$ cat input.tsv   # TSV, C-alpha atoms
chain	number	residue	atom	x	y	z
A	634	MET	CA	44.00	-7.71	-2.43
A	635	VAL	CA	40.69	-7.67	-0.64
A	636	GLY	CA	40.74	-3.89	-0.62
A	637	ASN	CA	41.26	-3.80	-4.42
A	638	GLU	CA	38.32	-6.13	-4.96
A	639	ILE	CA	36.16	-3.89	-2.85
A	640	LEU	CA	37.29	-0.85	-4.87
A	641	ASP	CA	36.67	-2.73	-8.16
A	642	SER	CA	33.19	-3.69	-7.10
A	643	ILE	CA	32.47	-0.06	-6.23
A	644	ASN	CA	33.55	1.04	-9.70
A	645	MET	CA	31.52	-1.69	-11.42
A	646	VAL	CA	28.22	-0.42	-12.56
A	647	GLU	CA	25.75	-3.25	-13.05
A	648	VAL	CA	23.25	-2.48	-15.74
A	649	ASN	CA	20.12	-4.59	-15.66
A	650	THR	CA	18.89	-4.70	-19.24
A	651	PHE	CA	15.21	-5.41	-19.68
A	652	ASP	CA	15.20	-8.61	-21.70
A	653	PHE	CA	11.83	-8.97	-23.39
A	654	ASN	CA	11.16	-11.91	-25.71
A	655	LEU	CA	8.17	-11.56	-28.04
A	656	LEU	CA	8.04	-15.20	-29.12
A	657	PRO	CA	6.21	-16.72	-26.10
A	658	LEU	CA	3.57	-14.00	-26.46
A	659	LEU	CA	3.19	-14.84	-30.18
A	660	LYS	CA	2.56	-18.48	-29.30
A	661	VAL	CA	-0.48	-17.79	-27.09
A	662	PRO	CA	-2.98	-16.85	-29.85
A	663	PHE	CA	-1.89	-19.85	-31.92
A	664	ILE	CA	-2.43	-22.20	-28.98
A	665	LEU	CA	-5.89	-20.67	-28.45
A	666	LEU	CA	-6.55	-21.08	-32.17
A	667	LEU	CA	-5.67	-24.79	-31.94
A	668	ILE	CA	-8.03	-25.31	-29.00
A	669	GLY	CA	-10.79	-23.41	-30.84
A	670	ASN	CA	-10.24	-25.48	-33.96
A	671	LEU	CA	-10.60	-28.74	-32.02
A	672	PHE	CA	-13.83	-27.48	-30.48
A	673	PHE	CA	-15.05	-26.52	-33.99
A	674	ALA	CA	-14.27	-30.01	-35.33
A	675	LEU	CA	-16.23	-31.61	-32.51
A	676	ILE	CA	-19.24	-29.32	-33.04
A	677	LEU	CA	-19.15	-30.01	-36.79
A	678	TYR	CA	-19.16	-33.77	-36.15
A	679	LEU	CA	-22.21	-33.43	-33.86
A	680	ARG	CA	-23.94	-31.16	-36.41
A	681	ILE	CA	-23.43	-33.72	-39.18
A	682	ARG	CA	-25.18	-36.35	-37.07
A	683	ILE	CA	-28.25	-34.09	-36.87
A	684	LEU	CA	-28.13	-33.03	-40.53
A	685	SER	CA	-27.86	-36.59	-41.76
A	686	ASP	CA	-31.22	-37.29	-40.11
A	687	THR	CA	-32.79	-34.19	-41.72
A	688	PHE	CA	-31.60	-35.05	-45.21
A	689	VAL	CA	-31.08	-38.75	-45.81
A	690	THR	CA	-29.01	-39.75	-48.82
A	691	PHE	CA	-26.68	-42.59	-49.77
A	692	GLU	CA	-23.80	-40.07	-49.67
A	693	ASN	CA	-24.30	-39.35	-45.94
A	694	ARG	CA	-21.99	-42.22	-44.99
A	695	ARG	CA	-19.20	-40.68	-47.08
A	696	ILE	CA	-19.67	-37.26	-45.45
A	697	LYS	CA	-19.69	-38.82	-41.98
A	698	SER	CA	-16.45	-40.69	-42.76
A	699	ILE	CA	-14.81	-37.49	-44.05
A	700	VAL	CA	-15.78	-35.62	-40.87
A	701	VAL	CA	-14.59	-38.44	-38.57
A	702	ILE	CA	-11.22	-38.58	-40.39
A	703	TYR	CA	-11.06	-34.78	-40.13
A	704	LEU	CA	-11.80	-34.91	-36.38
A	705	ILE	CA	-9.09	-37.52	-35.72
A	706	GLY	CA	-6.64	-35.73	-38.05
A	707	SER	CA	-7.32	-32.44	-36.28
A	708	LEU	CA	-6.62	-34.01	-32.91
A	709	VAL	CA	-3.32	-35.54	-34.04
A	710	LEU	CA	-2.15	-32.44	-35.96
A	711	SER	CA	-3.13	-30.17	-33.04
A	712	LEU	CA	-1.01	-32.23	-30.64
A	713	PHE	CA	1.97	-32.06	-33.00
A	714	ALA	CA	1.50	-28.32	-33.58
A	715	LEU	CA	1.25	-27.73	-29.82
A	716	LEU	CA	4.42	-29.75	-29.21
A	717	PHE	CA	6.39	-27.84	-31.86
A	718	LEU	CA	5.05	-24.51	-30.62
A	719	ILE	CA	6.24	-25.27	-27.08
A	720	LEU	CA	9.63	-26.52	-28.33
A	721	SER	CA	10.26	-23.52	-30.60
B	479	MET	CA	-25.81	-49.42	-69.47
B	480	ASN	CA	-26.30	-45.82	-70.57
B	481	GLU	CA	-27.19	-42.79	-68.44
B	482	VAL	CA	-30.88	-42.85	-69.43
B	483	GLU	CA	-31.34	-46.37	-68.10
B	484	LYS	CA	-29.52	-45.55	-64.87
B	485	ILE	CA	-32.12	-42.94	-63.86
B	486	ASN	CA	-34.78	-44.46	-61.71
B	487	ILE	CA	-38.03	-42.91	-62.99
B	488	PRO	CA	-41.01	-43.76	-60.75
B	489	GLU	CA	-43.96	-45.50	-62.35
B	490	LYS	CA	-46.35	-42.54	-62.04
B	491	PHE	CA	-43.97	-40.39	-64.13
B	492	GLN	CA	-43.45	-42.96	-66.86
B	493	LYS	CA	-47.03	-42.49	-68.13
B	494	ILE	CA	-46.80	-38.72	-68.65
B	495	ASP	CA	-45.50	-37.26	-71.86
B	496	ARG	CA	-43.79	-33.99	-70.95
B	497	THR	CA	-40.52	-32.34	-71.94
B	498	PHE	CA	-39.25	-31.99	-68.35
B	499	LEU	CA	-38.62	-35.72	-68.25
B	500	ASN	CA	-36.21	-35.34	-71.16
B	501	HIS	CA	-34.36	-32.59	-69.25
B	502	LEU	CA	-34.10	-34.91	-66.26
B	503	ARG	CA	-32.78	-37.74	-68.41
B	504	ASN	CA	-30.07	-35.58	-69.97
B	505	GLU	CA	-28.20	-34.43	-66.85
B	506	LYS	CA	-26.87	-36.15	-63.75
B	507	GLY	CA	-24.35	-35.23	-61.05
B	508	SER	CA	-23.95	-33.94	-57.50
B	509	VAL	CA	-25.39	-30.52	-58.37
B	510	PHE	CA	-28.29	-31.89	-60.41
B	511	MET	CA	-29.70	-35.22	-59.22
B	512	PRO	CA	-32.88	-36.36	-60.99
B	513	PHE	CA	-34.94	-39.10	-59.26
B	514	PRO	CA	-32.21	-39.95	-56.73
B	515	ARG	CA	-32.24	-43.42	-55.19
B	516	ASN	CA	-32.30	-43.95	-51.39
B	517	THR	CA	-32.91	-40.27	-50.74
B	518	SER	CA	-35.33	-38.95	-48.17
B	519	PHE	CA	-35.85	-36.01	-45.84
B	520	LEU	CA	-37.56	-35.26	-42.56
B	521	GLY	CA	-41.33	-35.17	-43.11
B	522	LYS	CA	-41.41	-37.00	-46.45
B	523	GLU	CA	-44.73	-38.70	-47.17
B	524	ASP	CA	-44.77	-42.40	-48.12
B	525	ASP	CA	-46.28	-41.75	-51.56
B	526	GLU	CA	-44.09	-38.72	-52.23
B	527	SER	CA	-41.40	-39.04	-54.93
B	528	VAL	CA	-38.28	-36.90	-55.02
B	529	VAL	CA	-38.06	-35.53	-58.57
B	530	LEU	CA	-34.93	-33.44	-58.38
B	531	ILE	CA	-32.21	-32.45	-55.91
B	532	LEU	CA	-30.22	-29.32	-56.65
B	533	ARG	CA	-27.07	-27.92	-55.09
B	534	LYS	CA	-25.00	-24.84	-55.76
B	535	HIS	CA	-22.57	-25.05	-58.65
B	536	TRP	CA	-19.00	-26.24	-57.94
B	537	GLN	CA	-17.76	-22.76	-58.83
B	538	PHE	CA	-18.84	-21.57	-55.35
B	539	LEU	CA	-16.10	-23.72	-53.77
B	540	LEU	CA	-13.34	-21.99	-55.76
B	541	PRO	CA	-12.91	-18.94	-53.41
B	542	THR	CA	-12.52	-21.38	-50.49
B	543	ILE	CA	-9.71	-23.20	-52.29
B	544	LEU	CA	-7.96	-19.85	-52.93
B	545	GLU	CA	-8.40	-18.88	-49.26
B	546	CYS	CA	-6.85	-22.18	-48.18
B	547	ILE	CA	-3.83	-21.67	-50.48
B	548	PHE	CA	-3.32	-18.19	-48.99
B	549	LEU	CA	-3.58	-19.57	-45.44
B	550	LEU	CA	-0.97	-22.23	-46.22
B	551	LEU	CA	1.42	-19.58	-47.55
B	552	LEU	CA	0.88	-17.26	-44.56
B	553	PRO	CA	3.56	-18.77	-42.21
B	554	PHE	CA	6.23	-18.38	-44.90
B	555	ILE	CA	5.15	-14.77	-45.55
B	556	LEU	CA	5.33	-14.16	-41.77
B	557	SER	CA	8.84	-15.65	-41.60
B	558	VAL	CA	9.96	-13.22	-44.33
B	559	ILE	CA	8.39	-10.23	-42.53
B	560	ILE	CA	9.93	-11.18	-39.16
B	561	PRO	CA	13.35	-12.61	-40.13
B	562	ASN	CA	15.17	-12.70	-36.74
B	563	LEU	CA	13.00	-15.13	-34.83
B	564	PRO	CA	14.78	-17.50	-32.42
B	565	ASN	CA	14.26	-21.17	-33.38
B	566	ARG	CA	12.89	-19.89	-36.67
B	567	GLY	CA	12.59	-23.21	-38.51
B	568	LEU	CA	10.65	-24.96	-35.77
B	569	PHE	CA	8.40	-21.96	-35.16
B	570	VAL	CA	7.54	-21.58	-38.85
B	571	PHE	CA	6.86	-25.32	-39.10
B	572	SER	CA	4.48	-25.19	-36.12
B	573	LEU	CA	2.74	-22.17	-37.68
B	574	PHE	CA	2.44	-24.13	-40.92
B	575	LEU	CA	0.73	-26.95	-38.98
B	576	VAL	CA	-1.68	-24.43	-37.45
B	577	SER	CA	-2.51	-22.91	-40.85
B	578	LEU	CA	-2.89	-26.41	-42.31
B	579	LEU	CA	-5.46	-27.21	-39.63
B	580	ILE	CA	-7.34	-23.95	-40.14
B	581	SER	CA	-7.45	-24.35	-43.92
B	582	LEU	CA	-8.56	-27.99	-43.53
B	583	SER	CA	-11.36	-26.87	-41.20
B	584	LEU	CA	-12.42	-24.17	-43.64
B	585	LEU	CA	-12.44	-26.60	-46.57
B	586	ILE	CA	-14.40	-29.30	-44.72
B	587	TYR	CA	-16.88	-26.79	-43.29
B	588	ARG	CA	-17.60	-25.21	-46.69
B	589	TYR	CA	-17.89	-28.63	-48.34
B	590	VAL	CA	-20.35	-29.84	-45.68
B	591	ARG	CA	-22.31	-26.58	-46.03
B	592	TRP	CA	-22.41	-27.03	-49.80
B	593	PHE	CA	-23.51	-30.65	-49.39
B	594	TYR	CA	-26.38	-29.93	-46.99
B	595	ASN	CA	-27.59	-26.75	-48.71
B	596	VAL	CA	-30.04	-28.55	-50.93
B	597	ASN	CA	-33.09	-27.65	-52.93
B	598	ILE	CA	-35.55	-30.49	-53.24
B	599	ILE	CA	-38.34	-30.74	-55.78
B	600	THR	CA	-40.85	-33.51	-55.15
B	601	ASP	CA	-44.16	-34.31	-56.84
B	602	GLN	CA	-45.93	-32.53	-53.96
B	603	ARG	CA	-43.73	-29.61	-52.87
B	604	VAL	CA	-40.54	-27.62	-53.21
B	605	ILE	CA	-38.12	-27.46	-50.28
B	606	ASP	CA	-35.18	-25.17	-49.66
B	607	MET	CA	-32.81	-26.45	-46.95
B	608	ASP	CA	-30.28	-23.90	-45.78
B	609	PHE	CA	-27.39	-24.86	-43.53
B	610	GLU	CA	-26.40	-21.25	-42.89
B	611	THR	CA	-23.88	-21.46	-40.05
B	612	LEU	CA	-22.73	-24.11	-37.60
B	613	PHE	CA	-25.56	-23.19	-35.23
B	614	SER	CA	-28.38	-22.31	-37.64
B	615	HIS	CA	-30.40	-24.35	-40.08
B	616	LYS	CA	-33.42	-23.13	-42.02
B	617	THR	CA	-35.94	-25.09	-44.09
B	618	THR	CA	-38.56	-23.40	-46.27
B	619	GLU	CA	-41.16	-25.35	-48.19
B	620	ALA	CA	-44.19	-24.71	-50.37
B	621	ARG	CA	-46.76	-27.06	-51.79
B	622	LEU	CA	-46.89	-27.19	-55.58
B	623	GLU	CA	-50.55	-26.09	-55.57
B	624	LYS	CA	-49.55	-22.87	-53.82
B	625	VAL	CA	-46.85	-21.90	-56.34
B	626	GLU	CA	-47.91	-18.90	-58.38
B	627	ASP	CA	-44.84	-17.63	-60.14
B	628	ILE	CA	-41.39	-18.98	-61.03
B	629	THR	CA	-38.67	-16.52	-62.04
B	630	PHE	CA	-35.06	-17.16	-62.94
B	631	LYS	CA	-32.21	-14.67	-62.90
B	632	GLN	CA	-28.75	-14.82	-64.40
B	633	ILE	CA	-26.62	-11.78	-63.57
B	634	GLY	CA	-22.94	-11.30	-64.40
B	635	ILE	CA	-20.39	-12.54	-66.89
B	636	LEU	CA	-19.34	-15.63	-64.92
B	637	SER	CA	-22.95	-16.67	-64.31
B	638	ASN	CA	-23.66	-16.53	-68.03
B	639	LEU	CA	-20.42	-18.30	-68.92
B	640	PHE	CA	-20.98	-21.19	-66.49
B	641	ASP	CA	-24.79	-21.13	-66.89
B	642	ILE	CA	-25.44	-20.42	-63.21
B	643	GLY	CA	-28.42	-18.53	-61.85
B	644	SER	CA	-31.11	-18.30	-59.23
B	645	ILE	CA	-34.72	-19.40	-59.20
B	646	TYR	CA	-37.36	-17.45	-57.24
B	647	ILE	CA	-40.58	-19.23	-56.41
B	648	GLN	CA	-43.47	-17.02	-55.35
B	649	THR	CA	-46.29	-18.67	-53.45
B	650	ALA	CA	-49.85	-17.55	-52.82
B	651	GLY	CA	-50.35	-15.57	-49.64
B	652	ALA	CA	-46.72	-15.73	-48.61
B	653	LYS	CA	-44.58	-12.67	-48.18
B	654	SER	CA	-41.26	-14.44	-48.56
B	655	GLU	CA	-40.38	-16.50	-51.57
B	656	ILE	CA	-38.34	-19.66	-51.94
B	657	GLU	CA	-34.93	-19.12	-53.49
B	658	PHE	CA	-32.75	-21.66	-55.23
B	659	LYS	CA	-29.50	-19.71	-55.36
B	660	GLY	CA	-26.50	-20.33	-57.58
B	661	ILE	CA	-27.83	-23.42	-59.31
B	662	HIS	CA	-26.63	-24.81	-62.61
B	663	ASN	CA	-28.92	-24.47	-65.64
B	664	PRO	CA	-31.71	-22.37	-64.02
B	665	LYS	CA	-33.74	-22.11	-67.24
B	666	GLN	CA	-34.03	-25.87	-67.38
B	667	VAL	CA	-35.05	-26.03	-63.70
B	668	GLN	CA	-37.71	-23.39	-64.34
B	669	ASP	CA	-39.03	-25.47	-67.22
B	670	ILE	CA	-39.07	-28.63	-65.07
B	671	LEU	CA	-40.96	-26.81	-62.30
B	672	SER	CA	-43.50	-25.31	-64.73
B	673	ASP	CA	-44.19	-28.70	-66.32
B	674	LEU	CA	-44.48	-30.31	-62.90
B	675	LEU	CA	-47.02	-27.67	-61.80
B	676	GLU	CA	-49.06	-28.22	-64.92
B	677	SER	CA	-49.01	-31.99	-64.42
B	678	LYS	CA	-50.06	-31.51	-60.81
B	679	LYS	CA	-52.94	-29.19	-61.78
B	680	LYS	CA	-54.16	-31.65	-64.41
B	681	GLY	CA	-53.96	-34.50	-61.91
B	682	GLU	CA	-51.38	-36.46	-63.93
B	683	ILE	CA	-49.20	-36.99	-60.84
$ encode --input "input.tsv" --output "structure tokens"
Amino acid sequence: MVGNEILDSINMVEVNTFDFNLLPLLKVPFILLLIGNLFFALILYLRIRILSDTFVTFENRRIKSIVVIYLIGSLVLSLFALLFLILS
Amino acid sequence: MNEVEKINIPEKFQKIDRTFLNHLRNEKGSVFMPFPRNTSFLGKEDDESVVLILRKHWQFLLPTILECIFLLLLPFILSVIIPNLPNRGLFVFSLFLVSLLISLSLLIYRYVRWFYNVNIITDQRVIDMDFETLFSHKTTEARLEKVEDITFKQIGILSNLFDIGSIYIQTAGAKSEIEFKGIHNPKQVQDILSDLLESKKKGEI
């Protein structure tokens, strides 16, 4: 019995297939894009604070609110996108 | 209350009898703001009155909207091109979130750029504020006394259809000129500027 197993194992040719998955590599640029987008949102918020001092108008408050909502929305959406990207 | 009464005309302008005031009374909006209330800018003198604030026409935001629609459709196009992705649904949804964020950023950025790219005409000078990129901001100004020539250009079918054009203000001794690009009703703005210059030269304002 033991002898047969030894003979079987000699006859068995183990082929190691190179398993390459493209998906994790595809995720990397999107994760970098998300980080870049968050950085962009923060810079835009800081820029608005300077611009609103250069040009003062009653509409500045509205623009500031839009950018703050955008910054918070970006943060939340980025976290969700990152979570789904890791899970997928 | 009608639109004419809503416009806050400063006292020094109420005495003068010129056609540009009628132009200013007739139009009002985000791209054409005559005598805006609570509006100022860095370096404004106490006795200086803002006559007109101009922005680019709304039409310039249309390509951005089309770009955003394309970006939102991109994940679905990608899922058709690469059909055998593992966890396809979740991956496409996460890509959709990424494209949603990018298109939102693009839309907000272009809107903010449009909002802060303003041309200001006061009773003392003309100012062109350019918010070019996230890291660059340019302001060009010229005193009304220095203005020598005002030209307006309307090129193309769409520009003529929507009445959009550019104003070029040439000043004495300056190589570069001030440009008000893509503004609505450029002929009217040219007329307002010419009348304002004449009033300034005659000492009416």
$ axis_aligned_box --input "input.tsv" --around "region 496-513 of chain B" --padding-each-side "4 Å" --output "AutoDock Vina command-line options"
--center_x -33.9 --center_y -34.8 --center_z -64.7 --size_x 27.8 --size_y 16.6 --size_z 22.4
$ residues_around --input "input.tsv" --residues "Ile642 (chain B)" --least-positions-apart "4" --cutoff "12 Å" --atoms "all atoms listed in the file" --output "number ranges by chain"
B: 509, 533-538, 630-638, 658-667
$ residues_around --input "input.tsv" --residues "region 542-544 of chain B" --least-positions-apart "3" --cutoff "12 Å" --atoms "only C-alpha atoms" --output "list of chain:residue names"
B:Trp536, B:Gln537, B:Phe538, B:Leu539, B:Ile547, B:Phe548, B:Leu549, B:Leu550, B:Leu551, B:Ile580, B:Ser581, B:Leu582, B:Ser583, B:Leu584, B:Leu585, B:Ile586, B:Tyr587, B:Arg588, B:Tyr589, B:Arg591, B:Trp592
$ write_last_selection --input "input.tsv" --atoms "C-alpha atoms" --output "PDB file, keeping the file's coordinate frame"
ATOM      1  CA  TRP B 536     -19.000 -26.240 -57.940  1.00  0.00           C
ATOM      2  CA  GLN B 537     -17.760 -22.760 -58.830  1.00  0.00           C
ATOM      3  CA  PHE B 538     -18.840 -21.570 -55.350  1.00  0.00           C
ATOM      4  CA  LEU B 539     -16.100 -23.720 -53.770  1.00  0.00           C
ATOM      5  CA  ILE B 547      -3.830 -21.670 -50.480  1.00  0.00           C
ATOM      6  CA  PHE B 548      -3.320 -18.190 -48.990  1.00  0.00           C
ATOM      7  CA  LEU B 549      -3.580 -19.570 -45.440  1.00  0.00           C
ATOM      8  CA  LEU B 550      -0.970 -22.230 -46.220  1.00  0.00           C
ATOM      9  CA  LEU B 551       1.420 -19.580 -47.550  1.00  0.00           C
ATOM     10  CA  ILE B 580      -7.340 -23.950 -40.140  1.00  0.00           C
ATOM     11  CA  SER B 581      -7.450 -24.350 -43.920  1.00  0.00           C
ATOM     12  CA  LEU B 582      -8.560 -27.990 -43.530  1.00  0.00           C
ATOM     13  CA  SER B 583     -11.360 -26.870 -41.200  1.00  0.00           C
ATOM     14  CA  LEU B 584     -12.420 -24.170 -43.640  1.00  0.00           C
ATOM     15  CA  LEU B 585     -12.440 -26.600 -46.570  1.00  0.00           C
ATOM     16  CA  ILE B 586     -14.400 -29.300 -44.720  1.00  0.00           C
ATOM     17  CA  TYR B 587     -16.880 -26.790 -43.290  1.00  0.00           C
ATOM     18  CA  ARG B 588     -17.600 -25.210 -46.690  1.00  0.00           C
ATOM     19  CA  TYR B 589     -17.890 -28.630 -48.340  1.00  0.00           C
ATOM     20  CA  ARG B 591     -22.310 -26.580 -46.030  1.00  0.00           C
ATOM     21  CA  TRP B 592     -22.410 -27.030 -49.800  1.00  0.00           C
TER      22      TRP B 592
END
$ closest_atom_pairs --input "input.tsv" --of "chain B" --to "chain A" --cutoff "6 Å" --atoms "all atoms listed in the file" --output "CSV"
residue,atom,partner,partner_atom,distance
B:Asn516,CA,A:Thr690,CA,5.9
B:Thr517,CA,A:Thr690,CA,4.4
B:Ser518,CA,A:Val689,CA,4.9
B:Phe519,CA,A:Phe688,CA,4.4
B:Leu520,CA,A:Thr687,CA,5.0
B:Asn565,CA,A:Ser721,CA,5.4
B:Leu568,CA,A:Ser721,CA,5.4
B:Phe569,CA,A:Ser721,CA,5.2
B:Ser572,CA,A:Ala714,CA,5.0
B:Leu575,CA,A:Ala714,CA,5.6
$ closest_residue --input "input.tsv" --among "B:Ser644, B:Glu657, B:Phe609, B:Leu639" --to "Ile683 (chain A)" --atoms "all atoms listed in the file"
B:Phe609
$ atom_distance --input "input.tsv" --atom1 "CA of Ala620 (chain B)" --atom2 "CA of Pro512 (chain B)"
19.4 Å
$ closest_residue --input "input.tsv" --among "B:Arg496, B:Val590, B:Leu502, B:Met511" --to "Ser698 (chain A)" --atoms "all atoms listed in the file"
B:Val590
$ closest_residue --input "input.tsv" --among "B:Ser614, B:Phe510, B:Ile656, B:Val576" --to "Ile668 (chain A)" --atoms "only C-alpha atoms"
B:Val576
$ residues_near_point --input "input.tsv" --point "(-37.8, -29.0, -46.8)" --cutoff "6 Å" --atoms "all atoms listed in the file" --output "PyMOL selection string"
chain B and resi 605-607+617-619
$ residues_around --input "input.tsv" --residues "Leu671 (chain B)" --least-positions-apart "3" --cutoff "9 Å" --atoms "all atoms listed in the file" --output "PDB file with C-alpha atoms, in the frame of the given file"
ATOM      1  CA  PHE B 498     -39.250 -31.990 -68.350  1.00  0.00           C
ATOM      2  CA  ILE B 599     -38.340 -30.740 -55.780  1.00  0.00           C
ATOM      3  CA  LEU B 622     -46.890 -27.190 -55.580  1.00  0.00           C
ATOM      4  CA  ILE B 628     -41.390 -18.980 -61.030  1.00  0.00           C
ATOM      5  CA  GLN B 666     -34.030 -25.870 -67.380  1.00  0.00           C
ATOM      6  CA  VAL B 667     -35.050 -26.030 -63.700  1.00  0.00           C
ATOM      7  CA  GLN B 668     -37.710 -23.390 -64.340  1.00  0.00           C
ATOM      8  CA  LEU B 674     -44.480 -30.310 -62.900  1.00  0.00           C
ATOM      9  CA  LEU B 675     -47.020 -27.670 -61.800  1.00  0.00           C
ATOM     10  CA  GLU B 676     -49.060 -28.220 -64.920  1.00  0.00           C
TER      11      GLU B 676
END
$ atom_distance --input "input.tsv" --atom1 "CA of Lys678 (chain B)" --atom2 "CA of Gln648 (chain B)"
16.8 Å
$ atom_distance --input "input.tsv" --atom1 "CA of Phe593 (chain B)" --atom2 "CA of Glu545 (chain B)"
19.2 Å
$ closest_residue --input "input.tsv" --among "B:Val558, B:Asp627, B:Asp669, B:Glu505" --to "Ile531 (chain B)" --atoms "all atoms listed in the file"
B:Glu505
$ residues_around --input "input.tsv" --residues "Ser557 (chain B)" --least-positions-apart "4" --cutoff "8 Å" --atoms "all atoms listed in the file" --output "number ranges by chain"
B: 553, 561, 563, 566, 570
$ write_last_selection --input "input.tsv" --atoms "C-alpha atoms" --output "compact mmCIF listing (two decimals), in the coordinates of the input"
# COMPACT_ATOMS: atom_id res chain seq x y z
CA PRO B 553 3.56 -18.77 -42.21
CA PRO B 561 13.35 -12.61 -40.13
CA LEU B 563 13.00 -15.13 -34.83
CA ARG B 566 12.89 -19.89 -36.67
CA VAL B 570 7.54 -21.58 -38.85
$ decode --input "input.tsv" --residues "region 670-707 of chain A" --atoms "C-alpha atoms" --output "PDB file, in the first residue's frame"
ATOM      1  CA  ASN A 670      -9.429  64.374  -4.453  1.00  0.00           C
ATOM      2  CA  LEU A 671      -9.597  64.855  -0.684  1.00  0.00           C
ATOM      3  CA  PHE A 672      -6.425  66.938  -0.793  1.00  0.00           C
ATOM      4  CA  PHE A 673      -7.950  68.999  -3.641  1.00  0.00           C
ATOM      5  CA  ALA A 674     -11.134  69.632  -1.626  1.00  0.00           C
ATOM      6  CA  LEU A 675      -9.096  70.850   1.331  1.00  0.00           C
ATOM      7  CA  ILE A 676      -6.975  73.178  -0.832  1.00  0.00           C
ATOM      8  CA  LEU A 677     -10.125  74.552  -2.497  1.00  0.00           C
ATOM      9  CA  TYR A 678     -11.654  75.296   0.915  1.00  0.00           C
ATOM     10  CA  LEU A 679      -8.502  77.183   1.986  1.00  0.00           C
ATOM     11  CA  ARG A 680      -8.416  79.041  -1.359  1.00  0.00           C
ATOM     12  CA  ILE A 681     -12.023  80.183  -0.927  1.00  0.00           C
ATOM     13  CA  ARG A 682     -11.147  81.712   2.433  1.00  0.00           C
ATOM     14  CA  ILE A 683      -8.487  83.851   0.726  1.00  0.00           C
ATOM     15  CA  LEU A 684     -10.637  84.719  -2.297  1.00  0.00           C
ATOM     16  CA  SER A 685     -13.561  85.799  -0.156  1.00  0.00           C
ATOM     17  CA  ASP A 686     -11.295  88.454   1.374  1.00  0.00           C
ATOM     18  CA  THR A 687     -10.146  89.636  -2.071  1.00  0.00           C
ATOM     19  CA  PHE A 688     -13.658  89.974  -3.450  1.00  0.00           C
ATOM     20  CA  VAL A 689     -16.297  90.646  -0.817  1.00  0.00           C
ATOM     21  CA  THR A 690     -19.911  90.058  -1.788  1.00  0.00           C
ATOM     22  CA  PHE A 691     -23.112  88.989  -0.059  1.00  0.00           C
ATOM     23  CA  GLU A 692     -22.926  85.714  -2.020  1.00  0.00           C
ATOM     24  CA  ASN A 693     -19.601  84.706  -0.401  1.00  0.00           C
ATOM     25  CA  ARG A 694     -21.423  83.018   2.482  1.00  0.00           C
ATOM     26  CA  ARG A 695     -23.318  80.817   0.015  1.00  0.00           C
ATOM     27  CA  ILE A 696     -20.098  79.824  -1.782  1.00  0.00           C
ATOM     28  CA  LYS A 697     -18.386  79.043   1.533  1.00  0.00           C
ATOM     29  CA  SER A 698     -21.336  76.852   2.587  1.00  0.00           C
ATOM     30  CA  ILE A 699     -21.264  75.003  -0.751  1.00  0.00           C
ATOM     31  CA  VAL A 700     -17.533  74.315  -0.387  1.00  0.00           C
ATOM     32  CA  VAL A 701     -17.870  73.172   3.257  1.00  0.00           C
ATOM     33  CA  ILE A 702     -20.704  70.783   2.297  1.00  0.00           C
ATOM     34  CA  TYR A 703     -18.553  69.577  -0.616  1.00  0.00           C
ATOM     35  CA  LEU A 704     -15.571  68.997   1.709  1.00  0.00           C
ATOM     36  CA  ILE A 705     -17.640  66.984   4.208  1.00  0.00           C
ATOM     37  CA  GLY A 706     -19.423  65.114   1.391  1.00  0.00           C
ATOM     38  CA  SER A 707     -16.080  64.287  -0.208  1.00  0.00           C
TER      39      SER A 707
END
